[in-house]
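Enquirer: First, the structure itself, so that you have it in front of you.
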Amino acid sequence: MLFARLAQVSQDVAAASARSRKIALLAELFRDAEPDDVPIVIPYLAGRLPQGRLGVGWRVLSERTEPADRPRLSVHDVDALMTELGDVSGAGSQAERKRLVGELMGAATEAEQRFLFGLVTGEVRQGALDAVATEGLAQATGAAPADVRRAVMLAGGLQDVAQVLLARGPEALDEFRLTVGRPVQPMLAHSAASVDEALDKLGACAVEEKLDGIRVQVHRDGRDVRVFTRTLDDITDRLPEVVDAVREFPGERFILDGEVIALGADGRPRAFQDVAGRVGSRVDVARAAEALPVSPVFFDVLYVDGRDLLDLPFAKRHEQLARLIPEPMRVRRVLNDDEADDEQRRNAGRFFDETLARGHEGVVVKGLEAPYSAGRRGASWLKVKPVHTLDLVVLAAEWGHGRRTGKLSNLHLGARRPDGSFAMLGKTFKGLTDALLAWQTERLLELAVHDDGHVVTVRPELVVEIAYDGLQRSTRYPAGVTLRFARVVRYREDKTAAQADSVETVLAAHPTVAP
């Protein structure tokens, strides 16, 4: 498949507002694709590079290269060059990356260059996410959408399913089954504004602690135990204490869903970043485990001794979980029946407050009758977390790409220092409507003091209210921390920069994370 075809579809999908139109465009693309195109086409549509980070910075990408006059690159040509870029290392690597980027851009048309720029910078936002692509694949092959979704869930991703479907047709979907040792995509939760709102939506439910750890899926087959992350990476060798704990459970073959957390000497959870650093450590695992031991906490079971439990109600799955897992390794919970009275509601509210007091993120409210919707944000799981907001100052903004071309999008956010200057805490492009994008572009250009073609630096005068999930330590930012999952709430033109939140205030609100 020509890369130009993929770039055009990406542009058309970005311009389409209706989900049905996006699906139709992707279905047409899949009909034209060969099975061996799929491992490249699907990640590119979602704005992902199979190779991960390439080490190519703005300085290299910003150099103008004369575009080709006609399309000639295939998706495999592009993938090969991306792989070559990702493999560059050592002395002279920057010059070699520059050469390869020049070679790639020089072989691409202007439209292809724009798409390549978005892929390398992570700025492809055309809405061709896996859920839409799954529907497009079903339409292209004549398979039932529900069957494709289930196969994707059981395969752990869309690519394997797409290759099989395009090569052999819908009948091949029968080979995708829940199998111990092969991870499946985890079920995810939507958000609710409050515990009461979640109870109103779900009726009979369990209110469980929401732990701020690393999501894990643990598979056991006899003495063999494998541990997978939310992104289905195998991290078994990094978590020997988890493997040892799971080997002690009764039962021979099962699949568990849970979190890995670390507790301090006071019994309170350690910061997410500490746990992530421990789980990410590949060197001297024994010493890392001694320095920061972790514990698994489980909240669901998907398979037990030859029986697939995915379609069972959550209440039934939890009965199986309680048979396998000792209470200290099960997540804390309280139950509410379908006709929750005032006392049950107060009990759920107290549980939420107590969970926060123990240092956890919030709660997840789960419908007792719901099956396990792997790989999807099921409406039967609702997470409730306290809302953190800050009033921060816009220090700069980046020119957008795709649908945001010509608009200032990614905001650089700063908090006040004691000397009146500002420390950058992170960036966000989330929460921006088209109207707000247009307004902020006009307003920020009025405050601009420098534009390098990528970043527009502005006078620190405009205050914006930012919602965020928490902080994490970061050496990239001057205060030693950065915001997690920041998004714009609204602009505060009623406030001056001197009234914005200070670095001291931000750190005081998150004492366990402060450097």
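How things are named: the first chain in the structure tokens is A, the next is B, and so on; residues count from 1 in each chain; ligands count from 1 in the order shown.
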Can you tell me which residues surround region 60-65 of chain A at a distance of at most 12 Å, considering only C-alpha atoms, apart from same-chain residues fewer than 2 positions away, and format the answer as a count of residues only?
Expert: 36
Enquirer: Would you mind listing what lies within 12 Å of Ala192 (chain A) as a short mmCIF file (atom, residue, chain, number, x, y, z; two decimals) with C-alpha atoms, in the first residue's frame, with only C-alpha atoms counted and same-chain residues fewer than 2 positions away left out?
Expert:
```
data_model
loop_
_atom_site.label_atom_id
_atom_site.label_comp_id
_atom_site.auth_asym_id
_atom_site.auth_seq_id
_atom_site.Cartn_x
_atom_site.Cartn_y
_atom_site.Cartn_z
CA ALA A 189 -13.47 2.64 33.81
CA HIS A 190 -15.35 5.80 32.90
CA SER A 194 -19.29 11.73 42.76
CA VAL A 195 -20.03 8.49 44.56
CA ASP A 196 -23.75 9.37 44.61
CA GLU A 197 -23.75 9.85 40.83
CA ALA A 198 -22.09 6.45 40.36
CA LEU A 199 -24.59 4.75 42.69
CA ASP A 200 -27.51 6.32 40.80
CA LYS A 201 -26.18 4.99 37.49
CA LEU A 202 -25.26 1.47 38.55
CA GLY A 362 -10.34 7.34 45.12
CA VAL A 363 -12.80 4.54 44.39
CA VAL A 364 -14.10 2.49 41.49
CA VAL A 365 -17.82 1.71 41.61
CA LYS A 366 -18.64 -1.54 39.78
CA ALA A 379 -20.19 1.86 31.57
CA SER A 380 -20.45 -0.51 34.53
CA TRP A 381 -17.13 0.62 36.05
CA LEU A 382 -17.08 4.24 37.21
CA LYS A 383 -14.05 5.80 38.88
CA VAL A 384 -14.51 8.64 41.36
CA LYS A 385 -11.52 10.77 42.32
CA PRO A 386 -11.21 14.14 44.03
CA VAL A 387 -10.80 16.94 41.52
#
```
Enquirer: Figure out the distance between CA of Leu211 (chain A) and CA of Val260 (chain A), please, to one decimal in Å.
Expert: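 CA of Leu211 (chain A) lies 8.6 Å from CA of Val260 (chain A).
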Enquirer: Give me the residues near Asp419 (chain A) as a VMD selection string, where near means some atom within 12 Å (using only C-alpha atoms) and where sequence neighbours in that chain fewer than 5 positions away do not count.
Expert: chain A and resid 498 502 to 503
Enquirer: Go ahead and dump the residues you just picked, all heavy atoms, as a compact mmCIF listing (two decimals), in the first residue's frame.
Expert:
```
# COMPACT_ATOMS: atom_id res chain seq x y z
N ALA A 498 -0.08 37.41 39.18
CA ALA A 498 0.34 37.46 40.58
C ALA A 498 -0.60 36.69 41.49
O ALA A 498 -0.25 36.36 42.64
CB ALA A 498 0.45 38.91 41.05
N SER A 502 1.16 29.18 43.55
CA SER A 502 2.62 29.17 43.67
C SER A 502 3.15 27.74 43.67
O SER A 502 2.41 26.78 43.94
CB SER A 502 3.04 29.85 44.97
OG SER A 502 2.61 29.09 46.09
N VAL A 503 4.44 27.61 43.41
CA VAL A 503 5.09 26.31 43.49
C VAL A 503 4.94 25.74 44.89
O VAL A 503 4.66 24.54 45.08
CB VAL A 503 6.58 26.43 43.11
CG1 VAL A 503 7.30 25.10 43.37
CG2 VAL A 503 6.73 26.84 41.66
```
Enquirer: Skip region 142-149 of chain A itself and residues of its chain fewer than 2 positions away, then list as a PyMOL selection string all residues within 12 Å of it, counting only C-alpha atoms.
Expert: chain A and resi 23+27+30-31+130-140+151-162+164-166+168-177+184-185+373-376
Enquirer: Could you jot down the CA of Pro515 (chain A) to CA of Val481 (chain A) separation for me, Å, one decimal place?
Expert: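 For CA of Pro515 (chain A) relative to CA of Val481 (chain A), the distance reads 7.3 Å.
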Enquirer: For each of A:Leu188, A:Ile325, A:Asp36, A:Glu208, take the minimum atom-to-atom distance to Ala245 (chain A), counting only C-alpha atoms, then give the residue where this is smallest.
Expert: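 Comparing A:Leu188, A:Ile325, A:Asp36, A:Glu208 against Ala245 (chain A), the winner is A:Ile325.
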Enquirer: Can you tell me how far CA of Val279 (chain A) sits from CA of Leu239 (chain A), in Å to one decimal?
Expert: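 Distance between the two atoms: 7.1 Å.
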Enquirer: From the DSSP assignment of the backbone, select every residue of region 166-351 of chain A that is strand (DSSP E), and format the answer as an NGL selection string.
Expert: :A and (188-191 or 205-210 or 214-221 or 224-229 or 253-261 or 295-304 or 307-308 or 333-336)
Enquirer: Compare A:Glu465, A:Ala167, A:Glu493, A:Leu292 by their minimum atom-to-atom distance to Ala265 (chain A), counting only C-alpha atoms, and give me the closest one.
Expert: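 Ranked by minimum distance to Ala265 (chain A), first place goes to A:Leu292.
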Enquirer: Please return, as a PyMOL selection string, all residues of region 154-315 of chain A that DSSP assigns to alpha helix (DSSP H) on the basis of the backbone.
Expert: chain A and resi 154-155+158-168+195-202+240-247+272-280+285-291+314-315
Enquirer: Quick one: of A:Asp353, A:Glu290, A:Glu252, A:Glu259, who's nearest to Val227 (chain A), counting only C-alpha atoms?
Expert: A:Glu259
Enquirer: Tell me which of A:Asp337, A:Ser474, A:Leu507, A:Asp221 sits closest to Ala415 (chain A), counting only C-alpha atoms.
Expert: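 Going through A:Asp337, A:Ser474, A:Leu507, A:Asp221 one by one, the smallest distance to Ala415 (chain A) is for A:Leu507.
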